[in-house]
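**Student:** Below you will find the structure I want to go over with you.
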Amino acid sequence: MGTHEARVIRAPRGSQLHTKGWVQEAALRMLMNNLDPEVAEHPEQLVVYGGIGKAARNWESFDAIVHSLQTLEDNETLLIQSGKPVAIFRTHPDAPRVLIANSNLVPAWANWETFHELDRKGLMMYGQMTAGSWIYIGTQGIVQGTYETFAECARQHFGGTLKGTITLSAGLGGMGGAQPLAVTMNDGVFIGIDVDRTRIEKRIQSRYCDILAETLEEALSIAEAAKSEGRPLSIGLLGNAAELLPRMLDLGFIPDVLTDQTSAHDPLNGYIPEGLTVETGRQLRAANPQEYVALAKKSIARHVQSMLALQSKGAVTFDYGNNIRQVAYDAGVRQAFSFPGFVPAYIRPQFCEGKGPFRWVALSGDPEDIYKTDAAVMREFPENEGLQRWIRLAQEKVSFQGLPARICWLGYGERARFGRIINGMVASGELSAPVVIGRDHLDAGSVASPNRETEAMQDGSDAVSDWPLLNAMVNTAAGASWVSLHHGGGVGMGYSQHAGMVVVADGSKEAEARLERVLTSDPGMGVVRHADAGYALAAETARSKGIRMPMLGG
Ligand code: NAD
């Protein structure tokens with residue numbers, strides 16, 4: 001890897017093709033965009049976000065993918081196996097140009113030990129969710145979801161706003177870095193602990209976080225002052241969460257809201273044990289991974305014990321999808337699941353209507369293209385106040401990273417409508433190049449993850465993973481531009497299976513038909529999955545929107 005350290009990847013901009021068609025071009029630009037230093041957390045290692053979530057297995061694979069996409073015909077499909085291009089087959093123009101399977105292991109082998117062993121042998125790669133499926137758009141993607149989550153928390157517990165409250169979390173990495181901005185967008189005060197100074201500095205640079213505090217005392221006094229004035233403020237606090245949460249308890253500090261976004265789902269690579277620095281952690285990880293994991297698990301247990309203690313003193317506490325409860329539970333914290341996951345607490349009702357993190361990217365590289373689509377989405381959905389507020393705040397506060405992109409939560413029916421509008425804007429020349437439309441794997445009908453997206457399903461079907469498999473298959477059949485099936489995203493090996501899709505609006509009639517099909521079947525799967533599990537809102541959505549479910553009663 002050493003020879004590639006100086007490589008800087010950036011997607012081409014503009015309306016000129018470097019491939020044989022816009023779908024191939026879109027895949028090429030989005031792969032490269034995932035590795036843009038403005039977008040990726042550790043681009044030199046091909047790591048995009050979320051611990052070791054990668055875009056390609058190694059640099060040789062990256063080069064081979066690029067070459068394959070450059071030469072791929074409009075009736076061919078490239079197959080990617082854990083970040084390595086393995087075959088090109090003749091298919092047909094409406095088929096996906098790329099099919100991706102990342103990090104999948106047979107269930108009885110689906111654990112980190114097996115994965116790491118295969119990864120060391122060069123046989124696998126961790127795809128996370130949007131890293132290996134080439135539709136990560138930097139921290140903005142997660143800002144929207146985090147904003148929605150904290151807004152719903154505010155509605156349920158604080159009369160609709162976080163004004164005059166302090167939210168405490170840890171982890172200001174690729175996704176966790178969205179928390180400070182999402183909390184201040186909801187008018188609250190935020191303290192985010194991170195052990196890595198460069199992570200905090202990166203968030204301050206991108207204006208997601210306001211200030212850095214070196215000590216706990218400093219952070220608390222600044223936060224309390226802002227809270228009492230009702231002033232939004234975000235603070236990155238340098239330190240280790242496993243060490244600082246117990247000290248907060250000793251000092252009698254109780255946050256109003258409490259969560260965590262360290263990469264606890266991966267104790268070897270994502271969590272720094274108490275007493276270690278980033279550097280000493282790196283050394284121990286290389287020298288003695290078993291000891292490292294044991295220390296990390298011990299610290300995670302202490303961290304969760306402190307979260308439970310703060311919860312019992314009144315902090316509204318939830319797990320933010322990093323599997324920290326499971327890791328602590330396995331390390332002996334029997335009460336670890338006493339606080340809920342954020343999906344059943346705040347997100348599921350939206351999934352029932354097929355709503356989720358819909359996103360689009362301007363392949364031109366021109367921010368104006370996104371501002372034009374912002375205006376279009378606001379025009380099209382004037383009654384959706386949350387969306388209107390989000391687009392205004394995003395324009396004001398969210399800097400673009402890499403290719404300009406936008407995200408907002410749209411549901412069944414809305415996505416297909418808006419997809420058609422974007423395609424029309426490309427066709428008419430109003431936008432200067434085609435647009436890529438995709439989503440996170442964390443969506444209504446594309447993921448099985450019993451400690452996160454499918455926690456506590458009404459019918460107990462949390463662990464059924466037929467749904468993401470069907471989702472990938474129907475999106476392939478419907479003609480998505482690229483489709484991916486991953487394992488272990490978010491919560492780690494053994495705990496999730498999920499599917500991604502991206503579809504390109506290039507202004508053509510063929511694209512319009514594909515967009516219509518994919519953007520209907522994809523969110524439709526979300527409605528169907530939840531209606532099948534017995535959610536009344538989903539059943540009603542299915543009926544009122546005319547989604548055909550042969551066995552939906554009533
Ligand atoms: P990341 O690896 O980029 O960042 C993790 C951060 O945690 C790093 O900055 C690291 O320095 C810090 N950290 C590690 N150990 C620490 C400790 N003991 N004390 C303080 N800081 C510590 O990961 P990410 O992309 O930000 O994701 C974080 C986690 O949150 C992942 O597990 C991810 O799956 C989960 N997540 C879930 C959702 C969701 O919507 N469900 C959203 C965001 C993140």
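By convention in this document, the chains of the structure tokens carry letters A, B, ... by their order, each chain's residues are numbered from 1, and ligands are numbered from 1 in the order they are shown.
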Using only C-alpha atoms and all ligand atoms, determine which residues fall within 6 Å of ligand 1, then list them as a PyMOL selection string.
**Tutor:** chain A and resi 49-51+170-176+193-196+199+239-242+261-265+270-273+320-322+490-491
**Student:** May I have the residues within 10 Å of Glu540 in chain A as a ChimeraX atom specification, using only C-alpha atoms and disregarding those fewer than 3 positions away in the same chain?
**Tutor:** /A:352-353,527,531,535-537,543-546,554
**Student:** Pick out each residue of range 67-152 of chain A that DSSP on the backbone tags as helix (DSSP H, G or I); I need them as an NGL selection string.
**Tutor:** :A and (67-71 or 107-109 or 112-120 or 140-152)
**Student:** Can you write out the residues you just picked, keeping C-alpha atoms, as an mmCIF file, in the first residue's frame?
**Tutor:**
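Below is the file that was written, result.cif:
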```
data_model
loop_
_atom_site.group_PDB
_atom_site.id
_atom_site.type_symbol
_atom_site.label_atom_id
_atom_site.label_comp_id
_atom_site.auth_asym_id
_atom_site.auth_seq_id
_atom_site.Cartn_x
_atom_site.Cartn_y
_atom_site.Cartn_z
ATOM 1 C CA HIS A 67 -10.606 0.383 -16.319
ATOM 2 C CA SER A 68 -13.633 -1.933 -16.480
ATOM 3 C CA LEU A 69 -16.059 0.975 -16.204
ATOM 4 C CA GLN A 70 -14.166 2.929 -18.864
ATOM 5 C CA THR A 71 -14.581 0.094 -21.349
ATOM 6 C CA PRO A 107 -24.372 -17.226 8.589
ATOM 7 C CA ALA A 108 -22.526 -19.708 10.833
ATOM 8 C CA TRP A 109 -19.218 -18.043 9.834
ATOM 9 C CA TRP A 112 -15.500 -10.530 12.873
ATOM 10 C CA GLU A 113 -12.853 -13.213 13.459
ATOM 11 C CA THR A 114 -13.631 -14.951 10.169
ATOM 12 C CA PHE A 115 -13.981 -11.660 8.359
ATOM 13 C CA HIS A 116 -10.662 -10.274 9.633
ATOM 14 C CA GLU A 117 -8.879 -13.476 8.728
ATOM 15 C CA LEU A 118 -10.232 -13.339 5.162
ATOM 16 C CA ASP A 119 -9.566 -9.598 4.987
ATOM 17 C CA ARG A 120 -5.924 -10.177 6.004
ATOM 18 C CA GLN A 140 -24.534 15.582 4.759
ATOM 19 C CA GLY A 141 -26.170 12.208 4.157
ATOM 20 C CA ILE A 142 -26.212 11.464 7.802
ATOM 21 C CA VAL A 143 -26.971 15.046 8.906
ATOM 22 C CA GLN A 144 -30.483 14.678 7.539
ATOM 23 C CA GLY A 145 -31.146 11.375 9.309
ATOM 24 C CA THR A 146 -29.638 12.684 12.513
ATOM 25 C CA TYR A 147 -31.648 15.896 12.220
ATOM 26 C CA GLU A 148 -34.843 13.839 11.789
ATOM 27 C CA THR A 149 -33.957 11.668 14.776
ATOM 28 C CA PHE A 150 -33.223 14.557 17.144
ATOM 29 C CA ALA A 151 -36.287 16.462 15.862
ATOM 30 C CA GLU A 152 -38.500 13.470 16.693
#
```
**Student:** Restricting the calculation to only C-alpha atoms: of A:Gly192, A:Pro450, A:Gly489, A:Pro180, which residue gets closest to Lys397 in chain A?
**Tutor:**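 Among the listed residues, the smallest separation from Lys397 in chain A belongs to A:Pro180.
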**Student:** Using only C-alpha atoms, can you tell me which of A:Ile9, A:Met185, A:Leu387, A:Met473 comes closest to Tyr208 in chain A?
**Tutor:** A:Met185
**Student:** Quick one: residues within 10 Å of Val327 in chain A, only C-alpha atoms, excluding same-chain residues fewer than 6 positions away - as a list of chain:residue names?
**Tutor:** A:Ala264, A:His265, A:Asp266, A:Pro267, A:Ala296, A:Lys297, A:Lys298, A:Ile300, A:Ala301, A:Val304, A:Val333, A:Ala336, A:Val491
**Student:** Just the number, please: distance in Å from CA of Arg207 in chain A to CA of Glu38 in chain A, one decimal.
**Tutor:**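 So the two atoms, CA of Arg207 in chain A and CA of Glu38 in chain A, lie 13.4 Å apart.
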**Student:** So the first atom is CA of Asp440 in chain A and the second is CA of Thr476 in chain A; what is the distance between them in Å, to one decimal place?
**Tutor:**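 Answer for the CA of Asp440 in chain A to CA of Thr476 in chain A separation: 16.5 Å.
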